[in-house]
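A short write-up of the structure that comes next.
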Protein chains: 2
Amino acid sequence: MTGLTIPETTHRDRKRELLDRADADGYDGVVLFGSLNIHYVSGMYHLATERPVALGVTDERVEAVVPRLEQEHASRDDFLIDDVTTYFEYPQSDPMGRVAEMCDRLEIADGAIAVDLDGSPARNGYTGPSLSELVAADVSVEEYVTEMRETKSDHEIELIREASVWANLGHQLLQDRIEVGRRPIEVRAEVEAEAVKPMLDALGDRYEMRSWANPMQCLFTTGEVTALPHSMNQTNRIERGDNVVTIVKPTVGGYTTELERTMFVDEASDAQRTYFEIMKESQEIAIDAIGPGVEYAAVEEAVVDYYEEQGVAEYAQHHVGHNIGMEGHERPFLDVGQAGEIQPGELFTVEPGFYLPDLGGFRHSDTVLVTDNGTETLTYYPRDLGRLIV
Amino acid sequence: MTGLTIPETTHRDRKRELLDRADADGYDGVVLFGSLNIHYVSGMYHLATERPVALGVTDERVEAVVPRLEQEHASRDDFLIDDVTTYFEYPQSDPMGRVAEMCDRLEIADGAIAVDLDGSPARNGYTGPSLSELVAADVSVEEYVTEMRETKSDHEIELIREASVWANLGHQLLQDRIEVGRRPIEVRAEVEAEAVKPMLDALGDRYEMRSWANPMQCLFTTGEVTALPHSMNQTNRIERGDNVVTIVKPTVGGYTTELERTMFVDEASDAQRTYFEIMKESQEIAIDAIGPGVEYAAVEEAVVDYYEEQGVAEYAQHHVGHNIGMEGHERPFLDVGQAGEIQPGELFTVEPGFYLPDLGGFRHSDTVLVTDNGTETLTYYPRDLGRLIV
């Protein structure tokens, strides 16, 4: 891929599919308020704040309503937007009034409108009317874009594949820099600083940031807090014998990947080694279980069966994994409650894990692409204990 | 303040005020789904994902519903939660069913319930029923917590004051490290890595991370893209003569501050100097205009009058500022459309600015506390041109 971005032809295809879905359900058009949904359909990204941003989509045209500070950006030629309406500012302007007027211009204000959200989210102190309060149309929430985002195109897959290359660099630097006595947040911040330069030097001017965050995210926790998979604690100092659980997720072209490893500091006890091997085997079982046409539920079932056999089922705290793309977590989930069958073009984090209150967490995560015939694991950092003693 | 956190007595006071507000409107209890609102009332913070988290609040007790991976954390003694109900995982579990059962136990399921959101947000692929679909009670969205968060307590002010100290360090390091030819993202990442260690060394073990993000956020843009106040572009290389616009916002105890400066690389042209002085004067006018009992709108009006006099009004892209606290942007806003009067205990970013397509952006931002008698500016990095040539 020569460009690190989704081409405009893809945005045209996405628009077509969105409208086909809406038309099949009897809608006259679509209005989107979710920032990533707007990005997905038009290419236009923005910082989501209290200021509403909306995209109106019909066969004839695509219009956007944006605050003044997004005007020039939203008007870029490479976004699939025919016309940008600007309001000055919230709360002094009436952003939702502008959205209702856009519906009038699009000739959908008296018909039936599909929305992703019925108005702009109550974020950063924002409050305002729903769209359904402002237009005569029947306004209904539909999950078309969320559904479309489940299966990735070849371009999207290439971006996630590229992100996985940089995940490997980030993880190697983490492993190189972890040191007894230091705080995880310090090591992490150094690694993120060290990793972003070669990433940008290699990817060149094609790389376009779509968020304020550093595109290299390389965090980890250490010791007992690894038993809490979503612990925020990155200040407990690294000690000899600790479990370390990493979370590395770079972003390329607006798409992210996920690479996580369980490591041990200096040495691993017999118990740590035993649990590590059970965890590692469970990930292999999960990856082997994945394939096109397999039920999502079957993957977690295979892991649970193995965990029960090994006597660790009571220590599990979450399902096997989730789809990934523009967001770090997307549907569908590798979960016994997820209906349906795995499709080619879906990507899953495969991260069965368990957590022992005194020892800590045991979890690897890799990003696995579902192909027509099986799977391809896009992240490739070593998984063996011998390579994961820091 | 010896602890860098909000004490449990404050959470009890917040619970009392929340219930007083709800009771006055005829509600039997409150259910919160917003992660920061839950944090504000109970002290319990968590990573917001597709997995619903809810807090139920009545006179008798406070209950939480959380996914398995938050169970131990949510059960911490220092959070104002009497009982934690755990569901295993989404989508296999029925989280909203557990929330409805919580309403039963709290004896509010048949009454009237105030909520911040009617269900869990459609985030990371989540979809699920609203609370109003699951309980017989009248469920209404009320903004009690958002309103309570507008005015800060002495403890909250101390945390924002402390964050402002570290903003100064971050900004000084940015100014020291900015160099022609480098990319902003690289400089920024180095500064964030360099700044977080002394911050944690100084604040000590009292510092508790409540988010995965680095508590030091020190970003900036350079050159023409500074004319777009929310540009994500941190890859255009720094050039001699550039406008640089910074955004520094550390977090302490879950509260953030904001420090922003316009700087010039190596030299400033006559035009840059002229516009800088207009911007700087406009910030002084805004700060002078703020005080208890003054209308929010009057502050922006004072700036607009001055901008019109100086011939730069057409280049403005946003209002003067916003409240700040747990979120970087909170209501109320220093905006001509904001009804009401400024109150002691509110904090505002004061950041009038304007943006010239060819030259770039001109904006300082300081965090200003409203006192009983006037204001105190908590951020204190130099504002003069002579100190802001890199």
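Identifiers in this document derive from the order of the structure tokens: chains are assigned A, B, ..., residues are numbered from 1 separately in each chain, and ligands are numbered from 1 in order of occurrence.
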Compile the residues of chain A that lie within 6 Å of chain B, evaluated using only C-alpha atoms, and express the compilation as an NGL selection string.
:A and (68-69 or 89 or 91-92 or 124-125 or 189-190 or 193 or 209-212 or 232-233 or 317-318 or 329-331 or 336-337)
If you run DSSP on the backbone, which residues of segment 194-317 of chain A are strand (DSSP E or B), as a PDB file with C-alpha atoms, in the first residue's frame?
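Result saved to selection-v1.pdb:
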ATOM      1  CA  CYS A 218       3.250   0.808  25.130  1.00  0.00           C
ATOM      2  CA  LEU A 219       2.003   0.392  28.674  1.00  0.00           C
ATOM      3  CA  PHE A 220       2.355  -2.309  31.307  1.00  0.00           C
ATOM      4  CA  THR A 221       1.647  -3.108  34.918  1.00  0.00           C
ATOM      5  CA  THR A 222       3.828  -5.111  37.277  1.00  0.00           C
ATOM      6  CA  ASN A 243       4.659 -10.789  36.658  1.00  0.00           C
ATOM      7  CA  VAL A 244       4.639  -8.030  34.038  1.00  0.00           C
ATOM      8  CA  VAL A 245       1.642  -7.744  31.704  1.00  0.00           C
ATOM      9  CA  THR A 246       2.070  -5.421  28.713  1.00  0.00           C
ATOM     10  CA  ILE A 247      -0.400  -3.649  26.424  1.00  0.00           C
ATOM     11  CA  VAL A 248       1.144  -2.372  23.173  1.00  0.00           C
ATOM     12  CA  THR A 251      -2.024   3.289  15.452  1.00  0.00           C
ATOM     13  CA  VAL A 252      -1.449   3.606  11.696  1.00  0.00           C
ATOM     14  CA  TYR A 255      -6.355   1.713  12.832  1.00  0.00           C
ATOM     15  CA  THR A 256      -4.871   0.000  15.827  1.00  0.00           C
ATOM     16  CA  LEU A 259       0.073  -7.005  21.303  1.00  0.00           C
ATOM     17  CA  GLU A 260       0.260  -8.112  24.938  1.00  0.00           C
ATOM     18  CA  THR A 262       3.144 -11.821  30.183  1.00  0.00           C
ATOM     19  CA  MET A 263       6.788 -11.541  31.230  1.00  0.00           C
ATOM     20  CA  PHE A 264       8.706 -12.235  34.434  1.00  0.00           C
ATOM     21  CA  GLU A 295     -19.379 -19.806  15.980  1.00  0.00           C
TER      22      GLU A 295
END
Of the listed residues B:Gly26, B:Gly119, B:Pro250, B:Pro184, that which approaches Trp166 of chain B most closely, counting only C-alpha atoms:
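Once distances to Trp166 of chain B are computed over only C-alpha atoms, the minimum belongs to B:Pro250.
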Which polymer residues have any atom within 9 Å of an atom of segment 277-290 of chain A, counting only C-alpha atoms, with same-chain residues fewer than 5 positions away left out, as a tab-separated table (two decimals) with C-alpha atoms, in the first residue's frame?
chain	number	residue	atom	x	y	z
A	272	GLN	CA	4.65	-18.82	37.47
A	295	GLU	CA	-19.38	-19.81	15.98
A	296	TYR	CA	-17.97	-16.94	18.03
A	298	ALA	CA	-17.14	-21.92	20.27
A	299	VAL	CA	-13.81	-20.15	20.77
A	300	GLU	CA	-14.53	-19.22	24.37
A	302	ALA	CA	-12.82	-24.32	23.88
A	303	VAL	CA	-10.84	-22.15	26.30
A	304	VAL	CA	-13.25	-22.69	29.19
A	306	TYR	CA	-9.33	-26.35	28.87
A	307	TYR	CA	-9.34	-24.02	31.90
A	310	GLN	CA	-6.50	-27.41	34.29
A	312	VAL	CA	-7.93	-22.41	36.58
A	320	VAL	CA	-11.32	-14.59	24.90
A	342	ILE	CA	-16.88	-15.78	12.42
A	350	VAL	CA	-6.97	-13.48	21.10
A	351	GLU	CA	-6.29	-13.02	24.78
A	352	PRO	CA	-7.62	-15.68	27.08
A	353	GLY	CA	-6.21	-15.02	30.52
A	354	PHE	CA	-6.54	-15.71	34.19
A	362	PHE	CA	-1.34	-14.40	32.92
A	363	ARG	CA	-2.37	-13.13	29.48
A	364	HIS	CA	-0.87	-12.85	26.02
A	365	SER	CA	-2.82	-11.01	23.34
A	366	ASP	CA	-2.25	-11.28	19.60
A	368	VAL	CA	-5.53	-12.51	14.47
A	370	VAL	CA	-9.67	-14.34	9.75
A	374	GLY	CA	-8.25	-19.99	8.31
A	375	THR	CA	-6.34	-17.34	10.21
A	377	THR	CA	-1.69	-13.90	13.22
A	383	ARG	CA	5.44	-16.01	23.02
A	384	ASP	CA	7.76	-18.49	24.76
A	385	LEU	CA	8.75	-18.18	28.39
What does the distance from atom CA of Glu101 of chain A to atom CA of Ile38 of chain A come to in Å, to one decimal?
18.5 Å
